[in-house]
Each structure stands twice: as structure tokens, then as C-alpha cells.
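Chemist: Quick one: the structure is below, questions incoming.
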Amino acid sequence: MNKRLLHTDIQDFITQNLKSEIASILLKGTSFNGVETRELVEQIEAKNKCLSKLPSWFNTENIYYPNKLNIEQTSSERTANYKASLITGDSILDITGGFGVDCFAYSKSFKEVTHCEINTDLSAKVAHNFKQLQVDNIKTVAQDGLSYLKESETVYDWIYIDPSRRHDSKGKVFFLKDCLPNVPEHFDLLFKHTQQILVKTAPLLDISIGSQELKQVKALHIIAVNNEVKELLWVLEKGASTNFPIYTVNLTKTGIETFNFDLNSEALSQPDYCQPLHYIYEPNSAILKAGAFNSVAEQLGVCKLHKHSHLYTSEALIEFPGRTFKVINTLTFNKKTIQKTGIKKANITTRNFPESVSDLRKKLKITDGGHHYLFFTTDMNDNKIVIICEKI
């Protein structure tokens, strides 16, 4: 940690050059003593990443930023605050502290927060930043979290873990055993120091695989931001049952979309099927990740178009956690029939359809954009159809 970067003149330079071309800064170099140009660039790039992702950091003076990769990998302030709303207590230990965004959020709902980070340089930066952010109930420990736990006799209300995937892990299949720390391998140690654990995993983790590995799952929260799934939050508790509730959350620019269900109910749900009616609904990404395909139809009283299409329809308009469209027309999939509509520009989505969006655009000579939305899908009778809609 180069403390010279915190000098007033250097901090002013960083602020003044947030919109400057990085290539230009690298070319000109720096005349500041004891500071390399790459260090300045690193601060500028990382701070820019925080403008919308970490506004509290961006708007606080004298924050020391790690490289931009650390910023990209950390929780956003919004998702961190959501996590903090789920749990509370006297004490929480974060054994994979990172840049400290989650700990900062936890400091508002816990009396004592312990931040463990094996990277001593990053730990020093985090400790400095907490002082700048005027937080006084977070203890920073420059040590591997599991090692710290092994040496401790303390029992915490909660332990938080954000395991990272090992670089030597190959292939697309994501297992928790491929992560550091290996959470399932250390259950005995973890549950010796707490009754409740919150594990954050990447969206890539398959829910069935995650539940098999973690076993003692009390609840699962699937968090999306503006319809992009960002985190899976696994709440673990000693002796938890195998059937656990799943909470889907989509944090949008205007509010929060939620939908809750459990796996047993999903397996038993029997949705109704019908042809497209007046309105079409497309679930948000959190619901699709959760696999709540039947539950959402049954709970909200809408019909599915096809078992594998995951599009829903109703005669009367309802409030739906996702995108809502008004149906203009439904056509059998046929090139000549579609071209007769005269639509030259449209937003295209495929669901349970054999051709890709790019192939359809080429075949039908339809460019992207406009106010029309075309859903190419399969109906309840296995017919290929296109639904022409307007977004509500």
C-alpha cells in the first residue's frame, strides 16, 4: 500500500482525470515522486468502476482502491445492502473479506463485524477505507479466515463466506469443491463456531448441485439486478430440512420484483396450458434461474404456452415479476406470412424455438429495435408460432 497516493495533490489528480483517456495518461507519465504512472491509472480505473456500483466509496474522499479486477469481483453496494437486510445479530465473521463491501453493509445490522482477508495489502487498504467511511465496529484481520477460525474460541451469530473458483478448475461445471475455501469440507469447523452460515455463490452454480453439496440449506435467495442474476445466497443452518424456500429478487431501477416458492411445490404444481391470450409475460432472470416454471403459473393464475417455452399468458392484465406485453397478433411461423406484416424493425426473443435470433433476422430481414416485440416460440400443440406484441 503506497500511502503517497493519498496525498492531496495526487488525489486531486485522480479526481480530475476520471474522464481522461488512460492511454494519454500512460503516454505522458507522472512527475509525482514515489508514485508510478501505473498506480495512478489503477486508482482511476478502479474508482470509475465504483461510480454506480459502490457510490459510498466513490463519494468518499481519500479512498484507496485495489485493482479494477477486485472491484469487478466484489458485491455491488445494492446487493450487499440486500444481504444485510436478511440477517442480523451481535456478531458476524466474514472469512473471505475482499474489498469489504459486504462487511460495510453488515456493520449497519450487527454490533461487531470481523473482516478476514489473506492478502495483507488489500487488508490494509480495507482498514484505511473503513476509517474514511467512518465505520468503527469492523475489525480487520490480515489472515486466512479458516486459519483465524481454527485459532479462535469465539462463537458468532453468523459466518459469511464468498468462495472464489480456483484458477486450476477446468470446464463449465461449477462445484463448490472447486472453490476456495471448500465450504463442504469445513462444515465441522464452521458449525463449531456458529449455527448460521450465509454463502454467496456465482449464478453459474446449478441449484441442485449446490443443495446437494451444502446439504443443510434453510433458504436460498436468488438476486438479480436489472434482470441479470448476480448472486445466489445460501442460508445454512444446522439440521435444516431438505425442502427449503427459494426467494427470487430482481432489483430494478424503479423497485423490487419478488417471487417465492419451494422445490416440493414446484414438482407438484400442474399449470394450465392455452394459446396466447391478450397479454404475454416473460419471467425475470431470477425466476428463470430458480426454475419456478410451474409455480409462477399456478400462484399468479396465468397459463403456460408450452411445457418448455416458459412464456405465460392471461386474458386480464396482472402484475407480473418480469416483462409484460400486449398481444397484437399471433401467427403460424411462416416466412411469407411474417413478411406480409410489413415489420422491418423489431425486438426478437426466442423461447423453445429451433432457430436463433441472428438466423431469424437474416431470414426475415428484420433489424433490431423499434416498438414491436416478436416472440418466436412453440405453443401447447407443438406448433411453431410468432407472437407480435407491444411492451407495457
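Residue numbering restarts at 1 in every chain; chains get A, B, ... in the order shown in the C-alpha cells, and ligands count up from 1 in that same order.
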Excluding A:Asp9 and residues on its chain fewer than 5 positions from it, collect all residues at most 12 Å away from it, counting only C-alpha atoms, and give them as a ChimeraX atom specification.
Modeler: /A:4,14-16,31-33,35,40,62
Chemist: So which residues touch A:Glu72 within 12 Å, counting only C-alpha atoms, skipping near sequence neighbours fewer than 5 positions away, as a list in words?
Modeler: Glu45, Ala46, Lys47, Asn48, Lys49, Cys50, Ser52, Lys53, Leu54, Tyr65, Pro66, Asn67, Gly98, Phe99, Val101 and Lys230 of chain A
Chemist: Generate the output file for the selected residues, all heavy atoms, as a short mmCIF file (atom, residue, chain, number, x, y, z; two decimals), in the first residue's frame.
Modeler:
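Below is the file that was written, out-v1.cif:
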```cif
data_model
loop_
_atom_site.label_atom_id
_atom_site.label_comp_id
_atom_site.auth_asym_id
_atom_site.auth_seq_id
_atom_site.Cartn_x
_atom_site.Cartn_y
_atom_site.Cartn_z
N GLU A 45 -8.95 3.84 -12.85
CA GLU A 45 -9.81 2.79 -13.42
C GLU A 45 -10.73 2.20 -12.36
O GLU A 45 -11.92 1.98 -12.60
CB GLU A 45 -8.96 1.70 -14.06
CG GLU A 45 -8.26 2.12 -15.34
CD GLU A 45 -7.45 1.00 -15.97
OE1 GLU A 45 -6.89 0.18 -15.21
OE2 GLU A 45 -7.39 0.94 -17.20
N ALA A 46 -10.16 1.93 -11.18
CA ALA A 46 -10.96 1.31 -10.12
C ALA A 46 -12.03 2.26 -9.60
O ALA A 46 -13.17 1.86 -9.36
CB ALA A 46 -10.04 0.87 -8.98
N LYS A 47 -11.66 3.53 -9.43
CA LYS A 47 -12.65 4.50 -8.93
C LYS A 47 -13.80 4.66 -9.92
O LYS A 47 -14.96 4.77 -9.53
CB LYS A 47 -11.99 5.85 -8.66
CG LYS A 47 -12.96 6.85 -8.02
CD LYS A 47 -12.25 8.10 -7.51
CE LYS A 47 -13.25 9.03 -6.83
NZ LYS A 47 -12.61 10.21 -6.22
N ASN A 48 -13.48 4.67 -11.21
CA ASN A 48 -14.53 4.76 -12.23
C ASN A 48 -15.52 3.61 -12.13
O ASN A 48 -16.72 3.77 -12.36
CB ASN A 48 -13.92 4.82 -13.63
CG ASN A 48 -13.58 6.23 -14.05
OD1 ASN A 48 -14.31 7.16 -13.75
ND2 ASN A 48 -12.46 6.40 -14.74
N LYS A 49 -15.01 2.42 -11.80
CA LYS A 49 -15.88 1.24 -11.65
C LYS A 49 -16.86 1.41 -10.50
O LYS A 49 -17.91 0.76 -10.46
CB LYS A 49 -15.02 -0.01 -11.40
CG LYS A 49 -14.20 -0.47 -12.60
CD LYS A 49 -15.04 -1.20 -13.61
CE LYS A 49 -14.20 -1.73 -14.76
NZ LYS A 49 -15.03 -2.38 -15.79
N CYS A 50 -16.52 2.29 -9.55
CA CYS A 50 -17.33 2.44 -8.34
C CYS A 50 -18.43 3.49 -8.47
O CYS A 50 -19.26 3.61 -7.58
CB CYS A 50 -16.43 2.81 -7.16
SG CYS A 50 -15.29 1.51 -6.68
N SER A 52 -21.25 3.82 -10.11
CA SER A 52 -22.61 3.32 -9.90
C SER A 52 -22.64 2.08 -9.02
O SER A 52 -23.63 1.85 -8.32
CB SER A 52 -23.27 3.00 -11.25
OG SER A 52 -22.51 2.04 -11.96
N LYS A 53 -21.55 1.31 -9.01
CA LYS A 53 -21.53 0.06 -8.25
C LYS A 53 -21.35 0.29 -6.75
O LYS A 53 -21.99 -0.37 -5.93
CB LYS A 53 -20.41 -0.85 -8.78
CG LYS A 53 -20.44 -2.25 -8.19
CD LYS A 53 -19.43 -3.16 -8.87
CE LYS A 53 -19.58 -4.59 -8.36
NZ LYS A 53 -18.67 -5.53 -9.03
N LEU A 54 -20.46 1.23 -6.39
CA LEU A 54 -20.16 1.50 -4.98
C LEU A 54 -20.17 3.00 -4.73
O LEU A 54 -19.13 3.63 -4.50
CB LEU A 54 -18.79 0.91 -4.60
CG LEU A 54 -18.57 -0.58 -4.85
CD1 LEU A 54 -17.12 -0.97 -4.58
CD2 LEU A 54 -19.51 -1.41 -3.98
N TYR A 65 -8.13 2.45 -3.57
CA TYR A 65 -8.75 1.41 -4.37
C TYR A 65 -7.76 0.30 -4.71
O TYR A 65 -6.58 0.56 -4.94
CB TYR A 65 -9.31 1.98 -5.67
CG TYR A 65 -10.42 2.98 -5.45
CD1 TYR A 65 -10.14 4.35 -5.37
CD2 TYR A 65 -11.74 2.56 -5.30
CE1 TYR A 65 -11.16 5.27 -5.15
CE2 TYR A 65 -12.76 3.48 -5.08
CZ TYR A 65 -12.46 4.83 -5.00
OH TYR A 65 -13.47 5.74 -4.77
N PRO A 66 -8.24 -0.96 -4.75
CA PRO A 66 -7.42 -2.05 -5.27
C PRO A 66 -7.48 -2.00 -6.80
O PRO A 66 -8.03 -1.05 -7.36
CB PRO A 66 -8.11 -3.29 -4.72
CG PRO A 66 -9.55 -2.90 -4.69
CD PRO A 66 -9.57 -1.42 -4.35
N ASN A 67 -6.95 -3.01 -7.47
CA ASN A 67 -7.06 -3.01 -8.94
C ASN A 67 -8.52 -3.21 -9.35
O ASN A 67 -9.35 -3.68 -8.57
CB ASN A 67 -6.15 -4.07 -9.57
CG ASN A 67 -6.52 -5.48 -9.14
OD1 ASN A 67 -7.63 -5.94 -9.30
ND2 ASN A 67 -5.56 -6.18 -8.56
N GLY A 98 -12.28 -9.73 1.18
CA GLY A 98 -12.15 -8.96 -0.06
C GLY A 98 -12.10 -7.47 0.19
O GLY A 98 -11.48 -6.99 1.16
N PHE A 99 -12.76 -6.70 -0.66
CA PHE A 99 -12.73 -5.24 -0.57
C PHE A 99 -13.61 -4.69 0.55
O PHE A 99 -13.63 -3.50 0.81
CB PHE A 99 -13.16 -4.64 -1.92
CG PHE A 99 -12.92 -3.16 -2.05
CD1 PHE A 99 -11.70 -2.59 -1.69
CD2 PHE A 99 -13.91 -2.33 -2.55
CE1 PHE A 99 -11.49 -1.22 -1.81
CE2 PHE A 99 -13.71 -0.95 -2.69
CZ PHE A 99 -12.49 -0.41 -2.31
N VAL A 101 -17.01 -4.71 1.01
CA VAL A 101 -18.32 -4.12 0.71
C VAL A 101 -19.42 -4.78 1.54
O VAL A 101 -20.28 -4.10 2.11
CB VAL A 101 -18.65 -4.22 -0.79
CG1 VAL A 101 -20.04 -3.68 -1.09
CG2 VAL A 101 -17.61 -3.46 -1.61
N LYS A 230 -27.02 -11.94 -10.30
CA LYS A 230 -25.69 -11.58 -9.80
C LYS A 230 -25.18 -12.54 -8.73
O LYS A 230 -24.00 -12.85 -8.67
CB LYS A 230 -25.72 -10.17 -9.21
CG LYS A 230 -26.02 -9.06 -10.22
CD LYS A 230 -24.88 -8.89 -11.19
CE LYS A 230 -25.11 -7.68 -12.08
NZ LYS A 230 -23.99 -7.47 -13.03
#
```
Chemist: So that I can check the surroundings of stretch 150-160 of chain A, please list as a list in words every protein, DNA and RNA residue that reaches within 9 Å of it, counting only C-alpha atoms and ignoring chain neighbours fewer than 5 positions away.
Modeler: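 Contacts, in chain order: Ile87, Thr88, Gly89, Asp90, Ser91, Ile92, Leu93, Asp94, Ile95, Thr96, Gly97, Gly145, Leu189, Leu190, Lys192, His193, Thr194, Gln195, Gln196, Ile197, Leu198, Val199 and Lys200 of chain A.
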Chemist: Counting only C-alpha atoms, what is within 10 Å of A:Asn2, bar same-chain residues fewer than 5 positions away, as a ChimeraX atom specification?
Modeler: /A:34-36,39,64,121,125
Chemist: Considering only C-alpha atoms, state which residue in the set A:Leu263, A:Ala142, A:Leu364, A:Ile280 is at the smallest distance from A:Thr313.
Modeler: A:Ile280
Chemist: Any chance you could list, as a VMD selection string, the residues in stretch 207-358 of chain A that come up alpha helix (DSSP H) when DSSP is run on the backbone?
Modeler: chain A and resid 207 to 214 263 to 268 285 to 290 295 to 300 335 to 339 357 to 358
Chemist: For A:Thr252, which of A:Asn182, A:Thr79, A:Gln134, A:Gln339 is the closest residue, counting only C-alpha atoms?
Modeler: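 Of A:Asn182, A:Thr79, A:Gln134, A:Gln339, the one nearest A:Thr252, counting only C-alpha atoms, is A:Thr79.
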Chemist: Which distance in Å separates atom CA of A:Ala224 and atom CA of A:Val357, to one decimal?
Modeler: 23.7 Å
Chemist: Would you work out the distance separating atom CA of A:Thr258 from atom CA of A:Trp57, expressed in Å to one decimal?
Modeler: 28.2 Å
Chemist: Which is closer to A:Thr8 than all the others in A:Leu268, A:Ile63, A:Leu251, A:Val135, using only C-alpha atoms?
Modeler: A:Ile63
Chemist: By how many Å are atom CA of A:Glu112 and atom CA of A:Thr201 apart?
Modeler: 23.9 Å
Chemist: From the list A:Gln132, A:Val249, A:Gln73, A:Pro271, which residue is nearest A:Arg165 when using only C-alpha atoms?
Modeler: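 Distance minimum relative to A:Arg165 lands on A:Gln73.
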Chemist: Where does DSSP see strand (DSSP E) in stretch 123-297 of chain A, if you list the residues as a ChimeraX atom specification?
Modeler: /A:138-141,158-161,164-165,179-180,196-201,217-225,228-237,245-251,256-262,279-283
